[in-house]
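What follows is the content of model_28.cif (mmCIF, C-alpha atoms and all ligand atoms).
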```
data_final
#
loop_
_atom_site.label_atom_id
_atom_site.label_comp_id
_atom_site.auth_asym_id
_atom_site.auth_seq_id
_atom_site.Cartn_x
_atom_site.Cartn_y
_atom_site.Cartn_z
CA MET A 5 5.62 -23.02 52.61
CA PRO A 6 4.47 -22.13 49.06
CA ALA A 7 3.80 -18.46 48.25
CA VAL A 8 0.26 -19.39 47.19
CA ARG A 9 -2.30 -21.51 48.99
CA HIS A 10 -5.09 -21.69 46.45
CA ILE A 11 -4.77 -21.70 42.64
CA GLY A 12 -7.63 -21.22 40.18
CA VAL A 13 -7.14 -22.69 36.70
CA LEU A 14 -9.10 -21.88 33.55
CA THR A 15 -8.90 -22.37 29.80
CA SER A 16 -9.81 -19.45 27.57
CA GLY A 17 -10.09 -18.52 23.88
CA GLY A 18 -10.12 -21.17 21.15
CA ASP A 19 -9.66 -24.68 22.54
CA ALA A 20 -6.51 -26.55 21.58
CA PRO A 21 -5.59 -30.24 21.81
CA GLY A 22 -3.38 -30.72 24.86
CA MET A 23 -5.25 -28.23 27.06
CA ASN A 24 -6.52 -31.18 29.12
CA ALA A 25 -3.01 -32.49 29.61
CA ALA A 26 -2.03 -29.01 30.86
CA VAL A 27 -4.99 -28.85 33.26
CA ARG A 28 -4.07 -32.31 34.53
CA ALA A 29 -0.47 -31.22 35.17
CA VAL A 30 -1.55 -28.03 36.94
CA VAL A 31 -4.01 -29.89 39.18
CA ARG A 32 -1.69 -32.74 40.10
CA THR A 33 1.35 -30.53 40.70
CA ALA A 34 -0.73 -28.31 42.96
CA VAL A 35 -2.13 -31.28 44.88
CA ALA A 36 1.37 -32.72 45.31
CA GLY A 37 2.56 -29.36 46.68
CA GLY A 38 -0.30 -29.05 49.17
CA ILE A 39 -1.93 -26.20 47.22
CA LYS A 40 -5.73 -26.10 46.96
CA ILE A 41 -6.86 -26.14 43.32
CA THR A 42 -10.12 -24.94 41.82
CA GLY A 43 -11.20 -25.40 38.22
CA ILE A 44 -12.92 -22.35 36.78
CA MET A 45 -15.45 -23.43 34.14
CA HIS A 46 -16.01 -21.63 30.79
CA GLY A 47 -12.96 -19.35 30.99
CA PHE A 48 -13.30 -15.75 32.13
CA SER A 49 -17.09 -15.88 31.61
CA GLY A 50 -17.30 -18.64 34.21
CA LEU A 51 -15.02 -16.68 36.52
CA LEU A 52 -17.44 -13.75 36.40
CA GLU A 53 -20.26 -16.15 37.35
CA SER A 54 -18.26 -17.92 40.10
CA ASN A 55 -18.63 -21.14 38.12
CA PHE A 56 -16.08 -23.05 40.20
CA GLU A 57 -15.31 -26.71 40.85
CA VAL A 58 -12.89 -27.76 43.55
CA MET A 59 -10.55 -30.34 42.05
CA ASN A 60 -8.38 -33.16 43.27
CA ALA A 61 -5.98 -35.58 41.60
CA ARG A 62 -8.88 -37.83 40.55
CA SER A 63 -10.78 -34.95 38.87
CA VAL A 64 -8.29 -35.15 36.01
CA SER A 65 -8.13 -38.93 35.60
CA ASN A 66 -8.18 -40.26 32.04
CA ILE A 67 -8.04 -36.89 30.29
CA VAL A 68 -4.40 -36.73 29.14
CA GLN A 69 -5.42 -38.14 25.73
CA LEU A 70 -8.56 -36.03 25.23
CA GLY A 71 -8.90 -33.11 22.81
CA GLY A 72 -10.95 -30.05 23.78
CA THR A 73 -10.98 -28.89 27.39
CA ILE A 74 -12.89 -30.43 30.30
CA LEU A 75 -12.98 -26.94 31.87
CA LYS A 76 -14.78 -25.62 28.75
CA THR A 77 -13.77 -22.29 27.26
CA SER A 78 -15.17 -19.01 25.98
CA ARG A 79 -14.22 -15.67 24.49
CA CYS A 80 -15.36 -13.20 27.14
CA LYS A 81 -15.98 -9.57 26.08
CA GLU A 82 -16.81 -8.43 29.62
CA PHE A 83 -13.32 -9.34 30.84
CA TYR A 84 -11.79 -6.94 28.30
CA GLU A 85 -13.49 -4.08 30.23
CA GLU A 86 -11.97 -2.65 33.42
CA GLU A 87 -15.24 -3.19 35.28
CA GLY A 88 -15.29 -6.87 34.35
CA ARG A 89 -11.77 -7.36 35.65
CA ALA A 90 -12.59 -5.56 38.92
CA LYS A 91 -15.52 -7.93 39.37
CA ALA A 92 -13.27 -10.92 38.61
CA ALA A 93 -10.67 -9.77 41.16
CA ALA A 94 -13.35 -9.39 43.83
CA ILE A 95 -14.71 -12.88 43.08
CA LEU A 96 -11.22 -14.41 43.26
CA ASN A 97 -10.60 -12.60 46.52
CA GLY A 98 -13.92 -13.78 47.95
CA ALA A 99 -13.04 -17.37 47.04
CA SER A 100 -9.53 -16.95 48.56
CA ILE A 101 -7.94 -17.85 45.21
CA ASP A 102 -4.54 -16.16 45.37
CA CYS A 103 -3.20 -17.16 41.92
CA LEU A 104 -4.91 -17.59 38.57
CA VAL A 105 -3.41 -19.90 35.92
CA GLY A 106 -4.84 -19.18 32.47
CA ILE A 107 -4.30 -21.58 29.56
CA GLY A 108 -4.92 -19.84 26.23
CA GLY A 109 -3.49 -17.44 23.67
CA ASP A 110 -2.42 -13.81 23.63
CA GLY A 111 -5.98 -12.54 24.31
CA THR A 112 -5.99 -14.58 27.51
CA PHE A 113 -2.57 -13.23 28.46
CA ARG A 114 -3.57 -9.61 27.92
CA GLY A 115 -6.49 -10.18 30.29
CA LEU A 116 -4.30 -11.88 32.91
CA HIS A 117 -1.67 -9.14 32.69
CA LYS A 118 -4.26 -6.41 33.27
CA LEU A 119 -5.74 -8.34 36.19
CA ALA A 120 -2.27 -8.48 37.77
CA LEU A 121 -1.54 -4.83 37.04
CA GLU A 122 -4.87 -3.38 38.16
CA HIS A 123 -5.66 -5.64 41.11
CA GLY A 124 -2.42 -7.29 42.22
CA VAL A 125 -3.74 -10.78 41.47
CA ALA A 126 -0.91 -13.29 40.91
CA VAL A 127 -1.26 -14.73 37.40
CA ILE A 128 0.57 -17.29 35.26
CA GLY A 129 -0.12 -17.97 31.57
CA VAL A 130 0.30 -21.27 29.73
CA PRO A 131 0.23 -20.98 25.91
CA GLY A 132 -2.52 -23.14 24.42
CA THR A 133 -3.50 -22.33 20.85
CA ILE A 134 -3.26 -24.12 17.51
CA ASP A 135 -2.03 -20.88 15.91
CA ASN A 136 1.52 -20.93 17.39
CA ASP A 137 1.31 -17.14 17.33
CA VAL A 138 2.58 -16.34 20.82
CA ALA A 139 5.91 -14.52 21.06
CA GLY A 140 8.35 -15.82 23.66
CA THR A 141 7.75 -19.50 23.01
CA GLU A 142 8.82 -21.62 20.06
CA TYR A 143 5.72 -23.80 20.43
CA THR A 144 2.24 -23.48 21.84
CA ILE A 145 0.19 -26.44 23.08
CA GLY A 146 -2.05 -27.68 20.25
CA PHE A 147 0.06 -26.62 17.29
CA SER A 148 1.60 -30.04 16.71
CA THR A 149 -1.77 -31.81 16.78
CA ALA A 150 -3.44 -29.24 14.52
CA ALA A 151 -0.56 -29.49 12.06
CA ASN A 152 -0.84 -33.28 11.95
CA THR A 153 -4.62 -33.11 11.55
CA ALA A 154 -4.35 -30.61 8.69
CA LEU A 155 -1.59 -32.66 7.11
CA GLU A 156 -3.74 -35.78 7.12
CA SER A 157 -6.41 -33.89 5.16
CA ILE A 158 -3.86 -32.39 2.77
CA ASP A 159 -2.48 -35.85 2.03
CA LYS A 160 -5.99 -37.07 1.23
CA ILE A 161 -6.68 -34.08 -0.99
CA ARG A 162 -3.42 -34.81 -2.81
CA ASP A 163 -4.80 -38.23 -3.81
CA THR A 164 -7.77 -36.71 -5.58
CA ALA A 165 -5.79 -33.73 -6.90
CA ALA A 166 -3.30 -36.11 -8.54
CA SER A 167 -6.05 -38.32 -9.98
CA HIS A 168 -7.77 -35.36 -11.65
CA ASP A 169 -4.68 -33.26 -12.41
CA ARG A 170 -6.26 -30.46 -10.42
CA ILE A 171 -5.13 -27.41 -8.50
CA PHE A 172 -6.33 -27.33 -4.91
CA PHE A 173 -6.28 -24.25 -2.72
CA ILE A 174 -6.42 -25.44 0.88
CA GLU A 175 -7.18 -22.93 3.62
CA VAL A 176 -5.85 -23.58 7.10
CA MET A 177 -6.45 -21.70 10.36
CA GLY A 178 -3.94 -19.50 12.15
CA ARG A 179 -5.76 -16.17 12.53
CA ASN A 180 -3.11 -13.53 11.68
CA CYS A 181 -0.19 -15.94 11.79
CA GLY A 182 1.21 -18.20 9.07
CA ALA A 183 2.97 -20.72 11.31
CA LEU A 184 0.43 -23.50 10.75
CA ALA A 185 0.27 -22.92 6.98
CA LEU A 186 4.05 -22.88 6.75
CA GLU A 187 4.42 -26.10 8.71
CA VAL A 188 1.80 -28.08 6.79
CA GLY A 189 2.66 -26.48 3.46
CA LEU A 190 6.24 -27.69 3.69
CA ALA A 191 5.37 -31.07 5.20
CA GLY A 192 2.54 -31.57 2.69
CA GLY A 193 4.72 -30.78 -0.33
CA ALA A 194 2.72 -27.71 -1.36
CA GLU A 195 3.80 -25.88 -4.52
CA GLY A 196 2.64 -22.60 -3.01
CA ILE A 197 2.22 -21.29 0.54
CA LEU A 198 0.51 -17.98 1.28
CA ILE A 199 0.97 -16.52 4.77
CA PRO A 200 0.17 -13.14 6.34
CA GLU A 201 3.85 -12.43 7.09
CA VAL A 202 4.67 -12.20 3.35
CA PRO A 203 2.48 -10.20 0.94
CA ALA A 204 0.65 -12.62 -1.39
CA ASP A 205 2.33 -12.58 -4.81
CA LEU A 206 -0.38 -14.02 -7.05
CA GLU A 207 1.57 -13.26 -10.24
CA ARG A 208 4.42 -15.41 -9.02
CA LEU A 209 2.06 -18.15 -7.92
CA SER A 210 0.48 -18.11 -11.38
CA ASP A 211 3.96 -18.38 -12.94
CA ILE A 212 4.76 -21.39 -10.73
CA ILE A 213 1.59 -23.11 -11.95
CA ARG A 214 2.12 -22.22 -15.64
CA ASP A 215 5.76 -23.26 -15.46
CA GLY A 216 4.93 -26.48 -13.61
CA ARG A 217 2.29 -27.41 -16.17
CA GLN A 218 4.83 -26.88 -18.96
CA ARG A 219 7.23 -29.21 -17.17
CA GLY A 220 4.54 -31.90 -17.03
CA LYS A 221 3.21 -31.35 -13.52
CA GLY A 222 -0.46 -32.31 -13.31
CA SER A 223 -1.64 -31.34 -9.83
CA PHE A 224 -0.79 -28.56 -7.43
CA ILE A 225 -1.44 -27.97 -3.74
CA ILE A 226 -1.51 -24.35 -2.59
CA VAL A 227 -1.80 -23.88 1.18
CA VAL A 228 -3.34 -20.57 2.21
CA ALA A 229 -3.31 -19.27 5.79
CA GLU A 230 -6.74 -17.82 6.61
CA GLY A 231 -5.16 -14.43 7.31
CA ALA A 232 -2.89 -14.33 4.24
CA LEU A 233 -5.21 -12.22 2.12
CA LYS A 234 -8.74 -10.85 2.17
CA GLY A 235 -11.11 -13.56 1.03
CA GLY A 236 -8.67 -16.36 1.95
CA ALA A 237 -8.17 -19.38 -0.31
CA ALA A 238 -11.24 -18.63 -2.45
CA ALA A 239 -9.91 -15.17 -3.35
CA ALA A 240 -6.43 -16.49 -4.12
CA ALA A 241 -7.87 -19.26 -6.28
CA ALA A 242 -10.09 -16.91 -8.27
CA ALA A 243 -7.18 -14.52 -8.88
CA VAL A 244 -4.94 -17.34 -10.11
CA GLU A 245 -7.64 -18.73 -12.40
CA GLU A 246 -8.05 -15.29 -13.94
CA ARG A 247 -4.33 -15.19 -14.73
CA THR A 248 -3.80 -18.80 -15.84
CA GLY A 249 -7.21 -19.93 -17.08
CA VAL A 250 -6.72 -23.12 -15.09
CA SER A 251 -9.72 -24.21 -13.01
CA TYR A 252 -9.36 -25.12 -9.34
CA ARG A 253 -11.01 -26.53 -6.25
CA VAL A 254 -11.00 -24.91 -2.81
CA SER A 255 -11.04 -26.76 0.48
CA VAL A 256 -11.37 -24.91 3.80
CA LEU A 257 -10.25 -27.24 6.58
CA GLY A 258 -11.90 -25.21 9.37
CA HIS A 259 -12.53 -26.33 12.92
CA VAL A 260 -11.55 -29.94 12.33
CA GLN A 261 -8.03 -28.59 12.95
CA ARG A 262 -8.93 -27.79 16.56
CA GLY A 263 -10.11 -31.26 17.52
CA GLY A 264 -8.71 -34.70 18.15
CA SER A 265 -6.43 -36.49 20.54
CA PRO A 266 -3.22 -34.51 21.21
CA THR A 267 0.06 -35.74 19.77
CA SER A 268 2.79 -37.00 22.02
CA SER A 269 4.69 -33.72 21.73
CA ASP A 270 1.62 -31.65 22.67
CA ARG A 271 0.99 -33.88 25.70
CA THR A 272 4.57 -33.65 26.93
CA LEU A 273 4.76 -29.90 26.31
CA ALA A 274 1.46 -29.40 28.16
CA SER A 275 2.60 -31.54 31.09
CA ARG A 276 5.91 -29.71 31.39
CA MET A 277 4.30 -26.28 31.12
CA GLY A 278 1.46 -27.09 33.51
CA ARG A 279 3.93 -28.25 36.12
CA ALA A 280 6.19 -25.22 35.55
CA ALA A 281 3.25 -22.86 35.99
CA VAL A 282 2.48 -24.21 39.47
CA VAL A 283 6.16 -24.33 40.49
CA ALA A 284 6.48 -20.66 39.46
CA ALA A 285 3.33 -19.72 41.37
CA ALA A 286 4.59 -21.56 44.46
CA GLU A 287 7.80 -19.53 44.26
CA GLY A 288 5.81 -16.29 44.27
CA ILE A 289 6.43 -15.53 40.58
CA SER A 290 3.64 -13.76 38.72
CA ASP A 291 2.77 -12.04 35.42
CA VAL A 292 4.70 -14.56 33.30
CA MET A 293 3.97 -17.23 30.71
CA THR A 294 5.63 -20.62 30.53
CA GLY A 295 7.42 -20.93 27.20
CA VAL A 296 9.76 -23.39 25.52
CA ARG A 297 13.06 -22.41 23.92
CA ASP A 298 15.74 -24.80 22.74
CA GLY A 299 13.90 -27.59 24.49
CA GLN A 300 13.97 -25.84 27.87
CA ILE A 301 10.97 -24.47 29.75
CA VAL A 302 11.41 -20.73 30.35
CA LEU A 303 9.34 -18.01 32.01
CA VAL A 304 8.49 -15.04 29.79
CA PRO A 305 6.98 -11.75 31.06
CA LEU A 306 3.36 -11.75 29.87
CA GLU A 307 3.75 -8.42 28.11
CA GLU A 308 6.45 -9.90 25.87
CA THR A 309 4.00 -12.50 24.59
CA TRP A 310 2.38 -9.90 22.36
CA THR A 311 5.17 -7.31 22.05
CA GLY A 312 8.08 -9.69 21.40
CA ASP A 313 9.32 -11.18 18.15
CA SER A 314 7.59 -14.20 16.66
CA PHE A 315 9.57 -17.42 16.23
CA ILE A 316 8.13 -18.09 12.76
CA ASN A 317 10.90 -19.40 10.51
CA LEU A 318 10.43 -17.79 7.10
CA ASP A 319 13.39 -19.78 5.71
CA LEU A 320 10.96 -22.69 5.48
CA LEU A 321 9.28 -20.94 2.52
CA GLY A 322 12.48 -21.37 0.51
CA VAL A 323 12.80 -25.01 1.56
CA ALA A 324 9.19 -25.66 0.50
CA GLU A 325 9.72 -23.95 -2.85
CA ILE A 326 12.83 -25.89 -3.83
CA THR A 327 11.48 -29.23 -2.61
CA ALA A 328 8.15 -28.85 -4.42
CA THR A 329 9.54 -28.29 -7.89
O1 LIG A 401 -7.15 -19.08 17.72
C1 LIG A 401 -7.58 -20.32 17.29
C2 LIG A 401 -8.51 -20.20 16.11
O2 LIG A 401 -8.89 -21.50 15.74
C3 LIG A 401 -7.96 -19.44 14.90
O3 LIG A 401 -7.08 -20.22 14.13
C4 LIG A 401 -9.22 -19.04 14.20
O4 LIG A 401 -9.02 -17.87 13.44
C5 LIG A 401 -10.17 -18.79 15.33
O5 LIG A 401 -9.66 -19.48 16.47
C6 LIG A 401 -11.58 -19.24 15.10
O6 LIG A 401 -12.34 -18.83 16.19
P1 LIG A 401 -13.81 -19.35 16.49
O7 LIG A 401 -13.71 -20.78 16.91
O8 LIG A 401 -14.27 -18.46 17.56
O9 LIG A 401 -14.57 -19.24 15.21
#
```

Using structure tokens, write down the structure from this file.
Amino acid sequence: MPAVRHIGVLTSGGDAPGMNAAVRAVVRTAVAGGIKITGIMHGFSGLLESNFEVMNARSVSNIVQLGGTILKTSRCKEFYEEEGRAKAAAILNGASIDCLVGIGGDGTFRGLHKLALEHGVAVIGVPGTIDNDVAGTEYTIGFSTAANTALESIDKIRDTAASHDRIFFIEVMGRNCGALALEVGLAGGAEGILIPEVPADLERLSDIIRDGRQRGKGSFIIVVAEGALKGGAAAAAAAVEERTGVSYRVSVLGHVQRGGSPTSSDRTLASRMGRAAVVAAAEGISDVMTGVRDGQIVLVPLEETWTGDSFINLDLLGVAEITAT
């Protein structure tokens, strides 16, 4: 007999490719285990409005390849307040939902953790965000797809940069984390990568460009994480132009990075994590996130997802630098 009889599943925060594959895995694992499953629409906002849809195995047909989230999502301010969470707990109780699975980022997990702490609701988190900024897991669902999407654009920009011998500053998402910039900067052959984890050294970047030009390099790609410095890529570009006198173009990739069909690795990660979330819930485990480490699915206390160490590999900066000379 599973420890839970009825699971509610929602997606929350910024959508990420692969969220649908995770929802599909949660729904079908629950159905296979004889657990009732309800989809909660529009994240925590929908929870506070009892916007529920009872699901079955067929409710998630043909969605494994879809970007976005069929459950819709939101950023819900009310849930960050104690009163909002009390209301949510009462609604869950009234609907006899005894475990809530939340697919999202650290904001989602903070909300779930407080719900568990304050109201004893069983909660499980599944990391879904393109930012790959959740401690306790090497990868989040959506990161691989976003990286490939950004990379496709960077490759295209390289064509025009090379034709015109231009410097391009390309801004990628990531909020306060440089994981996405680091990944696509290295893979895209960028001559410079600016990330929040390392203070932006614009003197050094200017030297790299001056030195490169002297050695006959025509074009340059500088990848800037949106959180690397105030003003993002535009500010970095202006500062470098002031120092080098070389003109530039700026390209902000924006929300295109959040869309599209998930890669194979996002789909498999989402399927494994979705299944693991329901298995954990059925075993009576709560207040944890499913993570992946060394290829294995692990359960991480929710609190560690924002207090723990990030898995960002800063050694990649050195690899990018030497390979882009
Ligand atoms: O967390 C995902 C993310 O796409 C970040 O990279 C970005 O800073 C933020 O969400 C954008 O949020 P919104 O879609 O609300 O503008």

Could you give me the axis-aligned bounding box of segment 190-201 of chain A, with 6 Å of padding per side, as centre plus edge lengths in Å to one decimal, as JSON?
```
{"center_x": 3.2, "center_y": -22.0, "center_z": 1.3, "size_x": 18.1, "size_y": 31.1, "size_z": 23.6}
```

Surrounding residues of Pro266 of chain A excluding itself and chain neighbours under 3 positions, 9 Å, all atoms listed in the file, as a list of chain:residue names: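 My list of contacting residues is A:Ala20, A:Pro21, A:Gly22, A:Met23, A:Ala25, A:Val68, A:Gln69, A:Leu70, A:Gly71, A:Ile145, A:Gly146, A:Ser148, A:Thr149, A:Ala150, A:Gly263, A:Ser269, A:Asp270, A:Arg271.
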
Protein/DNA/RNA residues near (8.1, -11.6, 17.8), cut 10 Å, all atoms listed in the file, as a VMD selection string: chain A and resid 137 to 141 308 to 316

Counting all atoms listed in the file, the residue of A:Gly50, A:Gly189, A:Gly18, A:Gly278 that sits nearest ligand LIG 401 (chain A):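 When distances to ligand LIG 401 (chain A) are compared using all atoms listed in the file, the smallest one comes from A:Gly18.
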
For segment 100-117 of chain A: contacts at 9 Å, all atoms listed in the file, fewer than 6 positions along chain excluded, given as a PyMOL selection string: chain A and resi 8-20+23+26-27+30+40-42+47-48+79+83-84+89+125-133+135-139+144-145+278+281-282+285+290-293+306-307+309-310

Test item: residues at most 7 Å from segment 209-226 of chain A, all atoms listed in the file, excluding those fewer than 5 positions along its chain, as an MDAnalysis selection string: chainID A and resid 165:166 169:174 194:197 244 247:248

Interatomic distance (Å, one decimal) between atom CA of Lys91 of chain A and atom CA of Gly43 of chain A: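 About the pair atom CA of Lys91 of chain A and atom CA of Gly43 of chain A: they are 18.0 Å apart.
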
Which residue of A:Ile326, A:Cys80, A:Ile289, A:Ala99 approaches ligand LIG 401 (chain A) most closely, using only C-alpha atoms and all ligand atoms: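 Of all the options, A:Cys80 lies closest to ligand LIG 401 (chain A).
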
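We find atom CA of Leu321 of chain A and atom CA of Ala232 of chain A to be spaced 14.0 Å apart.
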
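Shortest atom-to-atom contact with ligand LIG 401 (chain A) among A:Thr33, A:Asn152, A:Gln261, A:Ser157: A:Gln261, counting only C-alpha atoms and all ligand atoms.
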
Answer as a ChimeraX atom specification, residues within 6 Å of (7.3, -32.5, -2.2) using all atoms listed in the file: /A:193,327-328

With C-alpha atoms kept, could you save the residues just selected as a PDB file, keeping the file's coordinate frame?
```pdb
ATOM      1  CA  GLY A 193       4.720 -30.780  -0.330  1.00  0.00           C
ATOM      2  CA  THR A 327      11.480 -29.230  -2.610  1.00  0.00           C
ATOM      3  CA  ALA A 328       8.150 -28.850  -4.420  1.00  0.00           C
TER       4      ALA A 328
END
```

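Atom pair atom CA of Val64 of chain A / atom CA of Val35 of chain A: separated by 11.5 Å.
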
Residue among A:Cys181, A:Leu121, A:Ala93, A:Leu52 lying closest to ligand LIG 401 (chain A), counting all atoms listed in the file: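 Residue with the minimum atom-to-atom distance to ligand LIG 401 (chain A): A:Cys181.
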
Nearest residue to Ile199 of chain A from the set A:Ala36, A:Val176, A:Leu51, A:Ala229 (distances using all atoms listed in the file): A:Ala229

Using only C-alpha atoms and all ligand atoms: which of A:Glu246, A:Glu175, A:Glu86, A:Glu156 has the shortest distance to ligand LIG 401 (chain A):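 The shortest atom-to-atom distance to ligand LIG 401 (chain A) comes from A:Glu175.
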